[in-house]
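Inspection log for the structure reproduced underneath, given as structure tokens.
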Amino acid sequence: MTVSDRWLLPDGIEEILAPRARQAEMLRREMLDLFDCWGYELVIPPHLEFMESLTAGVGRDLELQTFKVTDQLTGRTMGLRADATPAVARIDAHTLTEKGPVRLCYAGTVFHTRSASLGATRSPIQLGAELYGHGGVESDIEIISLMLETLAAVGIESVNLDLGHVRIYRSLVEYAGLSEAQEQKLFDALQRKAACEVSELLAGWKICSGTAEMFKALTSLTGHVSVINDARALLKEAPEAVFKALDQLEVIAGKVAELYPSANLYLDMAELRGYNYHTGVVFAAYVSGQGQAIAKGGRYDGIGRVFGRGRPATGFSTDLKTLIKRKAVLDPEAGEERMMIFAPVNADPAAVQKLRRQGQRVVYQLPEQETDAAGTGCDRQLVCRDGEWVVE
């Protein structure tokens, strides 16, 4: 490697410089203060854990996204966290062991072996909130509401909110008696809304016509809340668990629409985001001009079972870096650097200390410093007038 190459960073790994770094920290504090107002306690999970803990109960997808290293003390494989949820689930299940509902939040960097999309970061600053110990729709509504409040705090008032429920597909798979391989092939086709491929697969497996028609219906059961009634009619032969999921979706969608009328709700009966570990409602928020979800989450009951205590759980997460960019677009002035006060070498330390305690940013001129106040990024300076130090 030549000297000129040593400054290069890996693709998808970036540094945050001033003033963006300061903006990131200010926004992080603002978001955590918001979570605190809702009763969510801050936890700081470790960046590095044994692989068994990092990927327990969340499927192979997360394992593929995890950077792996060997622990020199034990010889065991460790990983850099790719998602905070497994660690937070471990904290709830094994460390806190509370009996009632527990609300936890976090904000920290996670690391991905591959970018989620072209040009996306591989080191997002994951900001999230999770509610453990309650399995009712009320906790799902609370988490979705907190997600929308989080987006509103950075100026994103109008969002497209996608809602789905993985129990619908799971229940139909169990009802049809599909093998694991068949389940995965059908899952891939449904994710792409490939109706013809779905029909071909079902015909090849000789699935009974009534069950096959219900699977086919999933590709078209999308749209406004009224699609729930369509689903009840087209899935009338489905097991009871499907109707329970539809009832939950109806309650959640109705309450969210009441609380956040500016949110554009879109329901999809074949929405299977996070299918490998989600167990109930799933949701994602989109904004115009951006193909990837700006925030997402869902229910993942029992995730703590591998740590000795499986409890109901629901939560959401977003990327603080993405929120900073959106905030800068919606409010350009918010990204401007707060200017500083320039104090000459001979400035009274007591005067400088007083200003700093008032929250002012003051920088001292250093001996033999060539740059003046403007060159140092200062818009004001401390000067002595009639024996008193004042800011001009």
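In the structure tokens, each chain is lettered A, B, ... as it comes, each chain's residues begin at 1, and ligands are numbered from 1 in order of appearance.
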So which residues of range 138-378 of chain A fall under strand (DSSP E or B) by DSSP, listed as a VMD selection string?
-> chain A and resid 160 to 165 222 to 223 264 to 268 281 to 286 295 to 299 313 to 319 340 to 343 362 to 364 378
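The interatomic distance for the pair CA of Tyr266 in chain A and CA of Ala176 in chain A works out to 27.3 Å.
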Among the residues A:Pro124, A:Gly302, A:Gly100, A:Gly133, the one that comes closest to Ile16 in chain A [using only C-alpha atoms] |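 Among A:Pro124, A:Gly302, A:Gly100, A:Gly133, it is A:Pro124 that comes nearest to Ile16 in chain A.
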Find the residues near Ala270 in chain A: any atom within 9 Å, counting only C-alpha atoms, skip ones fewer than 4 places away on the same chain, and give them as a list of chain:residue names.
->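 Everything that qualifies: A:Gly164, A:His165, A:Val166, A:Ile168, A:Tyr169, A:Phe187, A:Leu190, A:Gln191, A:Lys193, A:Leu218, A:Thr219, A:Ser220, A:Leu221, A:Thr222.
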Could those residues be written to a file, using all heavy atoms, as a short mmCIF file (atom, residue, chain, number, x, y, z; two decimals), in the first residue's frame?
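The result, stored in part28.cif:
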data_model
loop_
_atom_site.label_atom_id
_atom_site.label_comp_id
_atom_site.auth_asym_id
_atom_site.auth_seq_id
_atom_site.Cartn_x
_atom_site.Cartn_y
_atom_site.Cartn_z
N GLY A 164 -48.16 -4.85 7.93
CA GLY A 164 -48.42 -6.23 7.56
C GLY A 164 -48.44 -7.09 8.81
O GLY A 164 -48.27 -6.60 9.93
N HIS A 165 -48.63 -8.38 8.62
CA HIS A 165 -48.67 -9.31 9.77
C HIS A 165 -48.17 -10.66 9.28
O HIS A 165 -48.84 -11.34 8.49
CB HIS A 165 -50.10 -9.43 10.29
CG HIS A 165 -50.20 -9.89 11.70
ND1 HIS A 165 -49.70 -11.11 12.13
CD2 HIS A 165 -50.75 -9.31 12.80
CE1 HIS A 165 -49.94 -11.24 13.42
NE2 HIS A 165 -50.57 -10.17 13.87
N VAL A 166 -46.98 -11.07 9.76
CA VAL A 166 -46.36 -12.29 9.25
C VAL A 166 -47.14 -13.55 9.66
O VAL A 166 -46.98 -14.61 9.06
CB VAL A 166 -44.89 -12.42 9.71
CG1 VAL A 166 -44.06 -11.27 9.20
CG2 VAL A 166 -44.79 -12.53 11.22
N ILE A 168 -50.15 -14.17 9.18
CA ILE A 168 -51.08 -14.57 8.11
C ILE A 168 -50.43 -15.63 7.22
O ILE A 168 -51.00 -16.71 6.99
CB ILE A 168 -51.51 -13.34 7.29
CG1 ILE A 168 -52.31 -12.37 8.18
CG2 ILE A 168 -52.33 -13.75 6.07
CD1 ILE A 168 -52.61 -11.04 7.51
N TYR A 169 -49.24 -15.34 6.74
CA TYR A 169 -48.54 -16.29 5.87
C TYR A 169 -48.13 -17.54 6.65
O TYR A 169 -48.30 -18.67 6.17
CB TYR A 169 -47.31 -15.62 5.26
CG TYR A 169 -46.48 -16.54 4.39
CD1 TYR A 169 -46.99 -17.03 3.20
CD2 TYR A 169 -45.19 -16.91 4.76
CE1 TYR A 169 -46.24 -17.88 2.40
CE2 TYR A 169 -44.43 -17.76 3.98
CZ TYR A 169 -44.96 -18.24 2.79
OH TYR A 169 -44.21 -19.08 2.00
N PHE A 187 -42.27 -17.96 -0.29
CA PHE A 187 -41.94 -16.69 0.36
C PHE A 187 -41.25 -15.74 -0.63
O PHE A 187 -41.61 -14.57 -0.74
CB PHE A 187 -41.03 -16.97 1.56
CG PHE A 187 -40.35 -15.75 2.15
CD1 PHE A 187 -40.98 -14.97 3.10
CD2 PHE A 187 -39.07 -15.40 1.74
CE1 PHE A 187 -40.35 -13.87 3.63
CE2 PHE A 187 -38.43 -14.30 2.27
CZ PHE A 187 -39.07 -13.53 3.21
N LEU A 190 -43.74 -14.44 -3.21
CA LEU A 190 -44.68 -13.47 -2.64
C LEU A 190 -44.02 -12.13 -2.39
O LEU A 190 -44.64 -11.07 -2.58
CB LEU A 190 -45.26 -14.02 -1.33
CG LEU A 190 -46.33 -15.10 -1.46
CD1 LEU A 190 -46.66 -15.69 -0.10
CD2 LEU A 190 -47.59 -14.53 -2.11
N GLN A 191 -42.76 -12.14 -1.97
CA GLN A 191 -42.05 -10.88 -1.74
C GLN A 191 -41.93 -10.06 -3.02
O GLN A 191 -41.92 -8.84 -2.98
CB GLN A 191 -40.65 -11.16 -1.18
CG GLN A 191 -40.64 -11.55 0.29
CD GLN A 191 -41.08 -10.42 1.19
OE1 GLN A 191 -42.27 -10.22 1.43
NE2 GLN A 191 -40.15 -9.65 1.70
N LYS A 193 -44.17 -10.26 -5.38
CA LYS A 193 -45.53 -10.13 -5.89
C LYS A 193 -45.66 -10.82 -7.27
O LYS A 193 -46.36 -10.35 -8.16
CB LYS A 193 -45.94 -8.67 -6.00
CG LYS A 193 -46.00 -7.95 -4.66
CD LYS A 193 -47.14 -8.45 -3.81
CE LYS A 193 -47.34 -7.60 -2.55
NZ LYS A 193 -46.26 -7.73 -1.58
N LEU A 218 -53.02 -13.46 -1.56
CA LEU A 218 -52.09 -12.62 -0.81
C LEU A 218 -51.38 -11.61 -1.70
O LEU A 218 -51.04 -10.52 -1.25
CB LEU A 218 -51.06 -13.48 -0.08
CG LEU A 218 -51.57 -14.40 1.03
CD1 LEU A 218 -50.41 -15.14 1.67
CD2 LEU A 218 -52.33 -13.61 2.09
N THR A 219 -51.14 -11.95 -2.97
CA THR A 219 -50.41 -11.05 -3.86
C THR A 219 -51.21 -9.80 -4.20
O THR A 219 -50.64 -8.78 -4.58
CB THR A 219 -50.03 -11.76 -5.17
OG1 THR A 219 -51.23 -12.17 -5.86
CG2 THR A 219 -49.15 -12.96 -4.90
N SER A 220 -52.54 -9.86 -4.06
CA SER A 220 -53.37 -8.71 -4.44
C SER A 220 -54.02 -8.02 -3.25
O SER A 220 -54.65 -6.97 -3.40
CB SER A 220 -54.47 -9.16 -5.41
OG SER A 220 -55.30 -10.14 -4.81
N LEU A 221 -53.86 -8.58 -2.06
CA LEU A 221 -54.49 -7.99 -0.88
C LEU A 221 -53.62 -6.87 -0.32
O LEU A 221 -52.94 -7.00 0.70
CB LEU A 221 -54.75 -9.07 0.17
CG LEU A 221 -55.92 -10.01 -0.13
CD1 LEU A 221 -55.95 -11.17 0.85
CD2 LEU A 221 -57.24 -9.25 -0.12
N THR A 222 -53.63 -5.75 -1.01
CA THR A 222 -52.86 -4.58 -0.61
C THR A 222 -53.72 -3.34 -0.78
O THR A 222 -54.64 -3.32 -1.60
CB THR A 222 -51.60 -4.43 -1.47
OG1 THR A 222 -52.00 -4.26 -2.86
CG2 THR A 222 -50.69 -5.63 -1.36
#
Could you give me, as a PyMOL selection string, the residues within 9 Å of range 230-242 of chain A, counting only C-alpha atoms and dropping anything in the same chain fewer than 4 positions from it?
-> chain A and resi 167-172+175+210-211+213-215+217-218+221+226+246-247+269
Backbone-only DSSP, helix (DSSP H, G or I) members of range 54-277 of chain A, as JSON, numbers by chain = {"A": [54, 60, 61, 62, 63, 64, 85, 86, 87, 88, 89, 90, 91, 92, 93, 94, 95, 96, 137, 138, 139, 140, 141, 142, 143, 144, 145, 146, 147, 148, 149, 150, 151, 152, 153, 166, 167, 168, 169, 170, 171, 172, 173, 174, 175, 176, 180, 181, 182, 183, 184, 185, 186, 187, 188, 189, 190, 191, 195, 196, 197, 198, 199, 200, 201, 202, 203, 204, 209, 210, 211, 212, 213, 214, 215, 216, 217, 218, 227, 228, 229, 230, 231, 232, 233, 234, 240, 241, 242, 243, 244, 245, 246, 247, 248, 249, 250, 251, 252, 253, 254, 255, 256, 257, 258, 259]}
